[in-house]
$ cat my_file_13.json   # JSON, C-alpha atoms
[["chain", "number", "residue", "atom", "x", "y", "z"],
["A", 142, "MET", "CA", -78.81, 59.56, -27.92],
["A", 143, "MET", "CA", -80.34, 59.66, -24.45],
["A", 144, "SER", "CA", -83.78, 58.33, -23.72],
["A", 145, "GLY", "CA", -86.35, 60.82, -22.44],
["A", 146, "ASP", "CA", -86.32, 59.34, -18.92],
["A", 147, "ARG", "CA", -82.52, 59.52, -18.61],
["A", 148, "MET", "CA", -82.50, 63.09, -19.90],
["A", 149, "LEU", "CA", -85.24, 64.07, -17.43],
["A", 150, "LEU", "CA", -83.32, 62.41, -14.58],
["A", 151, "ARG", "CA", -80.15, 64.24, -15.61],
["A", 152, "GLU", "CA", -82.03, 67.57, -15.68],
["A", 153, "LYS", "CA", -83.37, 66.85, -12.20],
["A", 154, "LEU", "CA", -80.00, 65.82, -10.77],
["A", 155, "ALA", "CA", -77.86, 68.60, -12.31],
["A", 156, "PRO", "CA", -79.13, 71.30, -9.91],
["A", 157, "PHE", "CA", -77.86, 69.24, -6.99],
["A", 158, "LEU", "CA", -74.41, 70.41, -8.06],
["A", 159, "LEU", "CA", -75.53, 73.76, -6.59],
["A", 160, "THR", "CA", -76.55, 71.94, -3.41],
["A", 161, "ALA", "CA", -73.05, 70.50, -3.11],
["A", 162, "VAL", "CA", -71.35, 73.83, -3.89],
["A", 163, "VAL", "CA", -73.43, 75.66, -1.27],
["A", 164, "ILE", "CA", -72.66, 73.05, 1.38],
["A", 165, "ILE", "CA", -68.93, 73.08, 0.58],
["A", 166, "ILE", "CA", -68.58, 76.89, 0.54],
["A", 167, "ASP", "CA", -70.74, 77.18, 3.66],
["A", 168, "GLN", "CA", -68.78, 74.60, 5.64],
["A", 169, "VAL", "CA", -65.36, 75.84, 4.49],
["A", 170, "THR", "CA", -66.15, 79.45, 5.45],
["A", 171, "LYS", "CA", -67.60, 78.39, 8.81],
["A", 172, "SER", "CA", -64.59, 76.16, 9.51],
["A", 173, "LEU", "CA", -62.18, 79.00, 8.71],
["A", 174, "ILE", "CA", -64.01, 81.35, 11.07],
["A", 175, "ALA", "CA", -64.32, 78.75, 13.86],
["A", 176, "ALA", "CA", -60.69, 77.62, 13.61],
["A", 177, "ASN", "CA", -59.08, 81.06, 13.49],
["A", 178, "TRP", "CA", -61.10, 83.42, 15.71],
["A", 179, "PRO", "CA", -62.73, 83.12, 19.12],
["A", 180, "ILE", "CA", -66.50, 83.35, 19.46],
["A", 181, "GLY", "CA", -67.47, 87.01, 19.74],
["A", 182, "ALA", "CA", -64.50, 88.33, 17.74],
["A", 183, "ILE", "CA", -65.02, 91.07, 15.17],
["A", 184, "ILE", "CA", -62.71, 89.94, 12.41],
["A", 185, "LYS", "CA", -62.98, 92.64, 9.76],
["A", 186, "LYS", "CA", -64.87, 95.89, 9.18],
["A", 187, "LEU", "CA", -65.47, 96.99, 5.61],
["A", 188, "PHE", "CA", -66.75, 100.37, 4.43],
["A", 189, "VAL", "CA", -66.35, 101.98, 7.88],
["A", 190, "ASP", "CA", -68.50, 105.06, 8.50],
["A", 191, "GLU", "CA", -67.86, 108.05, 10.77],
["A", 192, "SER", "CA", -69.24, 106.15, 13.81],
["A", 193, "GLY", "CA", -66.62, 103.42, 13.38],
["A", 194, "ASP", "CA", -69.16, 100.82, 12.27],
["A", 195, "GLY", "CA", -68.56, 98.88, 9.11],
["A", 196, "LEU", "CA", -71.35, 98.61, 6.58],
["A", 197, "LEU", "CA", -70.24, 94.98, 6.30],
["A", 198, "GLU", "CA", -68.51, 93.27, 9.21],
["A", 199, "ILE", "CA", -67.20, 89.75, 9.66],
["A", 200, "TRP", "CA", -67.88, 88.45, 13.17],
["A", 201, "HIS", "CA", -67.69, 85.04, 14.83],
["A", 202, "VAL", "CA", -70.99, 84.34, 16.55],
["A", 203, "ARG", "CA", -72.89, 81.15, 17.29],
["A", 204, "ASN", "CA", -76.61, 80.61, 17.01],
["A", 205, "LYS", "CA", -78.30, 77.76, 18.86],
["A", 206, "VAL", "CA", -81.76, 78.80, 17.67],
["A", 207, "VAL", "CA", -83.07, 79.92, 14.27],
["A", 208, "ALA", "CA", -83.31, 83.25, 12.45],
["A", 209, "PHE", "CA", -84.06, 86.34, 14.52],
["A", 210, "SER", "CA", -83.48, 84.28, 17.73],
["A", 211, "ILE", "CA", -86.76, 82.44, 17.22],
["A", 212, "GLY", "CA", -86.89, 79.61, 19.72],
["A", 213, "ARG", "CA", -84.53, 81.06, 22.32],
["A", 214, "ASP", "CA", -87.16, 80.61, 25.05],
["A", 215, "LEU", "CA", -87.87, 76.98, 24.16],
["A", 216, "PRO", "CA", -86.65, 74.26, 26.54],
["A", 217, "GLU", "CA", -83.37, 72.60, 25.51],
["A", 218, "SER", "CA", -85.20, 69.26, 25.29],
["A", 219, "VAL", "CA", -87.51, 70.54, 22.50],
["A", 220, "ARG", "CA", -84.88, 72.26, 20.35],
["A", 221, "PRO", "CA", -83.35, 69.14, 18.74],
["A", 222, "PHE", "CA", -86.76, 68.08, 17.46],
["A", 223, "LEU", "CA", -87.70, 71.53, 16.14],
["A", 224, "PHE", "CA", -84.27, 72.52, 14.80],
["A", 225, "ILE", "CA", -82.92, 69.16, 13.55],
["A", 226, "VAL", "CA", -85.62, 66.50, 13.13],
["A", 227, "LEU", "CA", -88.35, 68.74, 11.71],
["A", 228, "PRO", "CA", -86.05, 70.43, 9.15],
["A", 229, "LEU", "CA", -84.72, 67.00, 8.10],
["A", 230, "VAL", "CA", -88.29, 65.82, 7.51],
["A", 231, "VAL", "CA", -89.15, 68.99, 5.57],
["A", 232, "LEU", "CA", -85.99, 68.74, 3.43],
["A", 233, "GLY", "CA", -86.62, 65.04, 2.86],
["A", 234, "PHE", "CA", -90.17, 65.77, 1.71],
["A", 235, "LEU", "CA", -88.96, 68.61, -0.51],
["A", 236, "ILE", "CA", -86.37, 66.37, -2.18],
["A", 237, "TRP", "CA", -88.91, 63.55, -2.60],
["A", 238, "TYR", "CA", -91.49, 65.90, -4.12],
["A", 239, "TYR", "CA", -88.86, 67.46, -6.36],
["A", 240, "MET", "CA", -87.72, 64.07, -7.66],
["A", 241, "THR", "CA", -91.24, 62.69, -8.23],
["A", 242, "SER", "CA", -92.80, 65.81, -9.76],
["A", 243, "SER", "CA", -92.35, 67.10, -13.27],
["A", 244, "GLU", "CA", -94.02, 70.45, -12.71],
["A", 245, "PHE", "CA", -90.94, 72.51, -11.81],
["A", 246, "THR", "CA", -89.29, 74.87, -14.28],
["A", 247, "ARG", "CA", -85.51, 74.88, -14.68],
["A", 248, "LEU", "CA", -85.21, 77.98, -12.46],
["A", 249, "GLN", "CA", -87.40, 76.38, -9.81],
["A", 250, "ARG", "CA", -85.25, 73.22, -9.83],
["A", 251, "TRP", "CA", -82.08, 75.25, -9.27],
["A", 252, "ALA", "CA", -83.79, 77.37, -6.59],
["A", 253, "ILE", "CA", -84.93, 74.27, -4.72],
["A", 254, "ALA", "CA", -81.41, 72.83, -4.93],
["A", 255, "GLY", "CA", -80.05, 76.06, -3.38],
["A", 256, "ILE", "CA", -82.65, 75.88, -0.59],
["A", 257, "VAL", "CA", -81.69, 72.26, 0.11],
["A", 258, "GLY", "CA", -77.98, 73.17, 0.15],
["A", 259, "GLY", "CA", -78.51, 75.98, 2.62],
["A", 260, "GLY", "CA", -80.75, 73.86, 4.80],
["A", 261, "LEU", "CA", -78.23, 71.01, 4.88],
["A", 262, "GLY", "CA", -75.37, 73.44, 5.56],
["A", 263, "ASN", "CA", -77.03, 74.74, 8.71],
["A", 264, "LEU", "CA", -78.24, 71.28, 9.74],
["A", 265, "THR", "CA", -74.63, 70.09, 9.56],
["A", 266, "ASP", "CA", -73.72, 72.76, 12.10],
["A", 267, "ARG", "CA", -76.69, 71.95, 14.34],
["A", 268, "ILE", "CA", -75.61, 68.31, 14.44],
["A", 269, "LEU", "CA", -71.80, 68.65, 14.55],
["A", 270, "ARG", "CA", -71.16, 71.95, 16.35],
["A", 271, "PRO", "CA", -72.31, 71.90, 20.00],
["A", 272, "ASP", "CA", -71.84, 75.68, 20.30],
["A", 273, "GLY", "CA", -74.40, 76.26, 17.52],
["A", 274, "VAL", "CA", -74.48, 77.36, 13.91],
["A", 275, "VAL", "CA", -71.53, 79.55, 12.92],
["A", 276, "ASP", "CA", -72.74, 82.95, 11.70],
["A", 277, "PHE", "CA", -70.29, 85.59, 10.55],
["A", 278, "ILE", "CA", -71.75, 88.14, 8.11],
["A", 279, "SER", "CA", -73.09, 91.28, 9.74],
["A", 280, "VAL", "CA", -74.62, 94.12, 7.73],
["A", 281, "LYS", "CA", -75.45, 97.57, 9.08],
["A", 282, "PHE", "CA", -79.17, 98.19, 8.64],
["A", 283, "TYR", "CA", -79.44, 101.80, 9.88],
["A", 284, "GLY", "CA", -82.47, 101.19, 12.08],
["A", 285, "LEU", "CA", -84.63, 99.81, 9.28],
["A", 286, "PHE", "CA", -87.28, 97.43, 10.69],
["A", 287, "GLY", "CA", -85.88, 98.20, 14.14],
["A", 288, "PHE", "CA", -82.46, 96.68, 13.40],
["A", 289, "GLU", "CA", -79.29, 98.72, 13.72],
["A", 290, "ARG", "CA", -77.56, 95.65, 12.26],
["A", 291, "TRP", "CA", -79.28, 92.82, 10.44],
["A", 292, "PRO", "CA", -79.02, 89.57, 12.42],
["A", 293, "THR", "CA", -75.69, 87.91, 11.67],
["A", 294, "PHE", "CA", -75.92, 85.20, 9.00],
["A", 295, "ASN", "CA", -73.83, 82.81, 6.88],
["A", 296, "VAL", "CA", -73.54, 81.37, 3.36],
["A", 297, "ALA", "CA", -76.25, 78.75, 4.00],
["A", 298, "ASP", "CA", -78.70, 81.42, 5.20],
["A", 299, "SER", "CA", -77.92, 83.54, 2.14],
["A", 300, "SER", "CA", -78.53, 80.61, -0.19],
["A", 301, "VAL", "CA", -81.89, 79.83, 1.40],
["A", 302, "VAL", "CA", -83.09, 83.44, 1.27],
["A", 303, "VAL", "CA", -81.94, 84.14, -2.30],
["A", 304, "CYS", "CA", -83.28, 80.83, -3.61],
["A", 305, "VAL", "CA", -86.65, 81.16, -1.83],
["A", 306, "LEU", "CA", -87.03, 84.63, -3.39],
["A", 307, "LEU", "CA", -86.13, 83.26, -6.84],
["A", 308, "TRP", "CA", -88.55, 80.36, -6.40],
["A", 309, "LEU", "CA", -91.38, 82.68, -5.31],
["A", 310, "LEU", "CA", -90.66, 85.07, -8.18],
["A", 311, "SER", "CA", -90.72, 82.17, -10.63],
["A", 312, "ILE", "CA", -94.14, 81.15, -9.30],
["A", 313, "LEU", "CA", -95.52, 84.69, -9.51],
["A", 314, "ILE", "CA", -94.23, 85.30, -13.01],
["A", 315, "SER", "CA", -94.43, 82.19, -15.15],
["A", 316, "PRO", "CA", -92.40, 81.94, -18.39],
["A", 317, "ASN", "CA", -95.62, 82.35, -20.40],
["A", 318, "GLU", "CA", -96.29, 85.64, -18.64],
["A", 319, "TRP", "CA", -92.75, 86.83, -19.45],
["A", 320, "ARG", "CA", -93.24, 86.02, -23.13],
["A", 321, "SER", "CA", -96.58, 87.85, -23.28],
["A", 322, "LYS", "CA", -95.08, 90.92, -21.59],
["A", 323, "LYS", "CA", -92.22, 91.03, -24.13],
["A", 324, "LYS", "CA", -94.66, 91.15, -27.08]]

$ encode --input "my_file_13.json" --output "structure tokens"
Amino acid sequence: MMSGDRMLLREKLAPFLLTAVVIIIDQVTKSLIAANWPIGAIIKKLFVDESGDGLLEIWHVRNKVVAFSIGRDLPESVRPFLFIVLPLVVLGFLIWYYMTSSEFTRLQRWAIAGIVGGGLGNLTDRILRPDGVVDFISVKFYGLFGFERWPTFNVADSSVVVCVLLWLLSILISPNEWRSKKK
């Protein structure tokens, strides 16, 4: 039989399997894109409409800044600090807080692990790929929010977004609230 501390440690470490899976899938997909198609190539169009655009398209683009081109006007000398050092510090703090706190629910632990996996996936690109983060998923957005196409993204970005939404939802609706709503 496991002691309470070992069981708690195991429950805290298990979600980091998701972290590893996200990093592996993210890096494998990025490597496949980078190795097989030139930057700027449209690789595949799925669900093509009458205009010739695909609802979902696979492209090979590189991003040296962050989401929505935030930071494109920053000097090159500032970018490594803001896009590598600062995220490493934030992820380090998040992991430290996660490991030292016992206030997270199971869903929140898995969501945080997915956020860490996505963050580390993109940080790997920022450090190892001089041309920038490999993005390849492009979704037609039909002018919503001023976007004809949503900014191109990757597996790491998807993991961060989905897991942040799950984490926020889990904060807004606690398990006790779910139980009371079922009754």

$ atom_distance --input "my_file_13.json" --atom1 "atom CA of A:Phe277" --atom2 "atom CA of A:Ala175"
9.7 Å

$ closest_residue --input "my_file_13.json" --among "A:Ser242, A:Thr160, A:Gln168, A:Ser311" --to "A:Leu269" --atoms "all atoms listed in the file"
A:Gln168

$ closest_atom_pairs --input "my_file_13.json" --of "stretch 193-277 of chain A" --to "stretch 289-296 of chain A" --cutoff "8 Å" --atoms "all atoms listed in the file" --output "JSON lines"
{"residue": "A:Trp200", "atom": "CA", "partner": "A:Thr293", "partner_atom": "CA", "distance": 8.0}
{"residue": "A:Val202", "atom": "CA", "partner": "A:Thr293", "partner_atom": "CA", "distance": 7.7}
{"residue": "A:Ala208", "atom": "CA", "partner": "A:Pro292", "partner_atom": "CA", "distance": 7.6}
{"residue": "A:Phe209", "atom": "CA", "partner": "A:Pro292", "partner_atom": "CA", "distance": 6.3}
{"residue": "A:Gly259", "atom": "CA", "partner": "A:Val296", "partner_atom": "CA", "distance": 7.4}
{"residue": "A:Val275", "atom": "CA", "partner": "A:Asn295", "partner_atom": "CA", "distance": 7.2}
{"residue": "A:Asp276", "atom": "CA", "partner": "A:Phe294", "partner_atom": "CA", "distance": 4.7}
{"residue": "A:Phe277", "atom": "CA", "partner": "A:Asn295", "partner_atom": "CA", "distance": 5.8}

$ closest_residue --input "my_file_13.json" --among "A:Phe282, A:Trp251, A:Phe288, A:Tyr238" --to "A:Val305" --atoms "only C-alpha atoms"
A:Trp251

$ closest_residue --input "my_file_13.json" --among "A:Glu244, A:Ile211, A:Asp194, A:Gln249" --to "A:Leu313" --atoms "all atoms listed in the file"
A:Gln249

$ closest_residue --input "my_file_13.json" --among "A:Ile256, A:Ile278, A:Phe286, A:Asp146" --to "A:Val303" --atoms "only C-alpha atoms"
A:Ile256

$ axis_aligned_box --input "my_file_13.json" --around "stretch 172-184 of chain A" --padding-each-side "4 Å" --output "lines of an AutoDock Vina configuration file"
center_x = -63.3
center_y = 83.6
center_z = 14.2
size_x = 16.4
size_y = 22.9
size_z = 19.0

$ atom_distance --input "my_file_13.json" --atom1 "atom CA of A:Gly233" --atom2 "atom CA of A:Ile314"
26.8 Å

$ atom_distance --input "my_file_13.json" --atom1 "atom CA of A:Arg213" --atom2 "atom CA of A:Gly287"
19.0 Å

$ residues_near_point --input "my_file_13.json" --point "(-70.2, 89.9, 6.0)" --cutoff "7 Å" --atoms "all atoms listed in the file" --output "list in words"
Leu197, Glu198, Ile199, Phe277, Ile278, Ser279 and Val280 of chain A

$ decode --input "my_file_13.json" --residues "stretch 258-295 of chain A" --atoms "N, CA and C atoms" --output "PDB file, in the first residue's frame"
ATOM      1  N   GLY A 258       3.225  21.706 -21.557  1.00  0.00           N
ATOM      2  CA  GLY A 258       3.661  21.015 -22.772  1.00  0.00           C
ATOM      3  C   GLY A 258       3.645  21.914 -23.985  1.00  0.00           C
ATOM      4  N   GLY A 259       2.578  22.675 -24.150  1.00  0.00           N
ATOM      5  CA  GLY A 259       2.508  23.604 -25.280  1.00  0.00           C
ATOM      6  C   GLY A 259       3.552  24.697 -25.183  1.00  0.00           C
ATOM      7  N   GLY A 260       3.723  25.232 -23.988  1.00  0.00           N
ATOM      8  CA  GLY A 260       4.730  26.273 -23.795  1.00  0.00           C
ATOM      9  C   GLY A 260       6.131  25.768 -24.109  1.00  0.00           C
ATOM     10  N   LEU A 261       6.452  24.569 -23.619  1.00  0.00           N
ATOM     11  CA  LEU A 261       7.780  24.006 -23.886  1.00  0.00           C
ATOM     12  C   LEU A 261       7.958  23.626 -25.354  1.00  0.00           C
ATOM     13  N   GLY A 262       6.875  23.202 -26.010  1.00  0.00           N
ATOM     14  CA  GLY A 262       6.959  22.892 -27.438  1.00  0.00           C
ATOM     15  C   GLY A 262       7.356  24.108 -28.256  1.00  0.00           C
ATOM     16  N   ASN A 263       6.712  25.241 -27.994  1.00  0.00           N
ATOM     17  CA  ASN A 263       7.059  26.453 -28.736  1.00  0.00           C
ATOM     18  C   ASN A 263       8.399  27.024 -28.306  1.00  0.00           C
ATOM     19  N   LEU A 264       8.750  26.903 -27.025  1.00  0.00           N
ATOM     20  CA  LEU A 264      10.066  27.362 -26.574  1.00  0.00           C
ATOM     21  C   LEU A 264      11.182  26.562 -27.251  1.00  0.00           C
ATOM     22  N   THR A 265      10.955  25.288 -27.448  1.00  0.00           N
ATOM     23  CA  THR A 265      11.940  24.455 -28.153  1.00  0.00           C
ATOM     24  C   THR A 265      12.209  25.037 -29.535  1.00  0.00           C
ATOM     25  N   ASP A 266      11.162  25.418 -30.240  1.00  0.00           N
ATOM     26  CA  ASP A 266      11.339  26.031 -31.559  1.00  0.00           C
ATOM     27  C   ASP A 266      12.070  27.364 -31.461  1.00  0.00           C
ATOM     28  N   ARG A 267      11.685  28.184 -30.497  1.00  0.00           N
ATOM     29  CA  ARG A 267      12.319  29.510 -30.361  1.00  0.00           C
ATOM     30  C   ARG A 267      13.821  29.377 -30.116  1.00  0.00           C
ATOM     31  N   ILE A 268      14.211  28.322 -29.406  1.00  0.00           N
ATOM     32  CA  ILE A 268      15.623  28.122 -29.087  1.00  0.00           C
ATOM     33  C   ILE A 268      16.363  27.414 -30.225  1.00  0.00           C
ATOM     34  N   LEU A 269      15.748  26.407 -30.840  1.00  0.00           N
ATOM     35  CA  LEU A 269      16.463  25.555 -31.798  1.00  0.00           C
ATOM     36  C   LEU A 269      16.213  25.880 -33.272  1.00  0.00           C
ATOM     37  N   ARG A 270      15.194  26.648 -33.579  1.00  0.00           N
ATOM     38  CA  ARG A 270      14.901  26.947 -34.988  1.00  0.00           C
ATOM     39  C   ARG A 270      15.107  28.443 -35.248  1.00  0.00           C
ATOM     40  N   PRO A 271      16.209  28.812 -35.895  1.00  0.00           N
ATOM     41  CA  PRO A 271      16.499  30.229 -36.121  1.00  0.00           C
ATOM     42  C   PRO A 271      15.466  30.939 -36.996  1.00  0.00           C
ATOM     43  N   ASP A 272      14.742  30.190 -37.831  1.00  0.00           N
ATOM     44  CA  ASP A 272      13.717  30.809 -38.683  1.00  0.00           C
ATOM     45  C   ASP A 272      12.412  31.064 -37.938  1.00  0.00           C
ATOM     46  N   GLY A 273      12.300  30.613 -36.690  1.00  0.00           N
ATOM     47  CA  GLY A 273      11.107  30.849 -35.889  1.00  0.00           C
ATOM     48  C   GLY A 273      10.299  29.582 -35.658  1.00  0.00           C
ATOM     49  N   VAL A 274       9.238  29.754 -34.902  1.00  0.00           N
ATOM     50  CA  VAL A 274       8.330  28.655 -34.561  1.00  0.00           C
ATOM     51  C   VAL A 274       7.625  28.183 -35.827  1.00  0.00           C
ATOM     52  N   VAL A 275       7.557  26.870 -36.018  1.00  0.00           N
ATOM     53  CA  VAL A 275       6.861  26.302 -37.171  1.00  0.00           C
ATOM     54  C   VAL A 275       5.359  26.301 -36.874  1.00  0.00           C
ATOM     55  N   ASP A 276       4.603  27.000 -37.695  1.00  0.00           N
ATOM     56  CA  ASP A 276       3.145  26.981 -37.632  1.00  0.00           C
ATOM     57  C   ASP A 276       2.649  26.367 -38.927  1.00  0.00           C
ATOM     58  N   PHE A 277       1.528  25.627 -38.860  1.00  0.00           N
ATOM     59  CA  PHE A 277       1.095  24.952 -40.080  1.00  0.00           C
ATOM     60  C   PHE A 277      -0.410  24.736 -40.195  1.00  0.00           C
ATOM     61  N   ILE A 278      -1.189  25.025 -39.197  1.00  0.00           N
ATOM     62  CA  ILE A 278      -2.638  24.812 -39.272  1.00  0.00           C
ATOM     63  C   ILE A 278      -3.305  26.159 -39.542  1.00  0.00           C
ATOM     64  N   SER A 279      -4.033  26.231 -40.628  1.00  0.00           N
ATOM     65  CA  SER A 279      -4.719  27.459 -41.003  1.00  0.00           C
ATOM     66  C   SER A 279      -6.212  27.158 -41.181  1.00  0.00           C
ATOM     67  N   VAL A 280      -7.035  27.926 -40.503  1.00  0.00           N
ATOM     68  CA  VAL A 280      -8.480  27.705 -40.532  1.00  0.00           C
ATOM     69  C   VAL A 280      -9.169  28.949 -41.090  1.00  0.00           C
ATOM     70  N   LYS A 281     -10.047  28.749 -42.060  1.00  0.00           N
ATOM     71  CA  LYS A 281     -10.806  29.863 -42.621  1.00  0.00           C
ATOM     72  C   LYS A 281     -11.753  30.392 -41.556  1.00  0.00           C
ATOM     73  N   PHE A 282     -11.805  31.716 -41.407  1.00  0.00           N
ATOM     74  CA  PHE A 282     -12.577  32.321 -40.325  1.00  0.00           C
ATOM     75  C   PHE A 282     -13.690  33.226 -40.843  1.00  0.00           C
ATOM     76  N   TYR A 283     -13.825  33.336 -42.156  1.00  0.00           N
ATOM     77  CA  TYR A 283     -14.939  34.031 -42.806  1.00  0.00           C
ATOM     78  C   TYR A 283     -15.154  35.460 -42.311  1.00  0.00           C
ATOM     79  N   GLY A 284     -14.058  36.168 -42.039  1.00  0.00           N
ATOM     80  CA  GLY A 284     -14.154  37.566 -41.657  1.00  0.00           C
ATOM     81  C   GLY A 284     -14.520  37.820 -40.207  1.00  0.00           C
ATOM     82  N   LEU A 285     -14.734  36.773 -39.439  1.00  0.00           N
ATOM     83  CA  LEU A 285     -15.077  36.933 -38.026  1.00  0.00           C
ATOM     84  C   LEU A 285     -13.905  37.573 -37.287  1.00  0.00           C
ATOM     85  N   PHE A 286     -14.183  38.578 -36.459  1.00  0.00           N
ATOM     86  CA  PHE A 286     -13.162  39.326 -35.725  1.00  0.00           C
ATOM     87  C   PHE A 286     -12.131  39.962 -36.659  1.00  0.00           C
ATOM     88  N   GLY A 287     -12.517  40.189 -37.910  1.00  0.00           N
ATOM     89  CA  GLY A 287     -11.622  40.823 -38.869  1.00  0.00           C
ATOM     90  C   GLY A 287     -10.617  39.881 -39.513  1.00  0.00           C
ATOM     91  N   PHE A 288     -10.749  38.592 -39.285  1.00  0.00           N
ATOM     92  CA  PHE A 288      -9.822  37.606 -39.851  1.00  0.00           C
ATOM     93  C   PHE A 288     -10.505  36.819 -40.957  1.00  0.00           C
ATOM     94  N   GLU A 289      -9.929  36.853 -42.158  1.00  0.00           N
ATOM     95  CA  GLU A 289     -10.417  35.953 -43.203  1.00  0.00           C
ATOM     96  C   GLU A 289      -9.963  34.529 -42.875  1.00  0.00           C
ATOM     97  N   ARG A 290      -8.734  34.423 -42.359  1.00  0.00           N
ATOM     98  CA  ARG A 290      -8.207  33.155 -41.857  1.00  0.00           C
ATOM     99  C   ARG A 290      -7.680  33.429 -40.452  1.00  0.00           C
ATOM    100  N   TRP A 291      -7.887  32.486 -39.557  1.00  0.00           N
ATOM    101  CA  TRP A 291      -7.329  32.609 -38.219  1.00  0.00           C
ATOM    102  C   TRP A 291      -5.812  32.535 -38.347  1.00  0.00           C
ATOM    103  N   PRO A 292      -5.060  33.271 -37.519  1.00  0.00           N
ATOM    104  CA  PRO A 292      -3.597  33.162 -37.618  1.00  0.00           C
ATOM    105  C   PRO A 292      -3.143  31.705 -37.521  1.00  0.00           C
ATOM    106  N   THR A 293      -2.209  31.346 -38.369  1.00  0.00           N
ATOM    107  CA  THR A 293      -1.716  29.977 -38.455  1.00  0.00           C
ATOM    108  C   THR A 293      -1.130  29.564 -37.107  1.00  0.00           C
ATOM    109  N   PHE A 294      -1.389  28.300 -36.719  1.00  0.00           N
ATOM    110  CA  PHE A 294      -0.957  27.821 -35.409  1.00  0.00           C
ATOM    111  C   PHE A 294      -0.436  26.399 -35.509  1.00  0.00           C
ATOM    112  N   ASN A 295      -0.107  25.798 -34.364  1.00  0.00           N
ATOM    113  CA  ASN A 295       0.471  24.452 -34.334  1.00  0.00           C
ATOM    114  C   ASN A 295      -0.109  23.658 -33.166  1.00  0.00           C
TER     115      ASN A 295
END
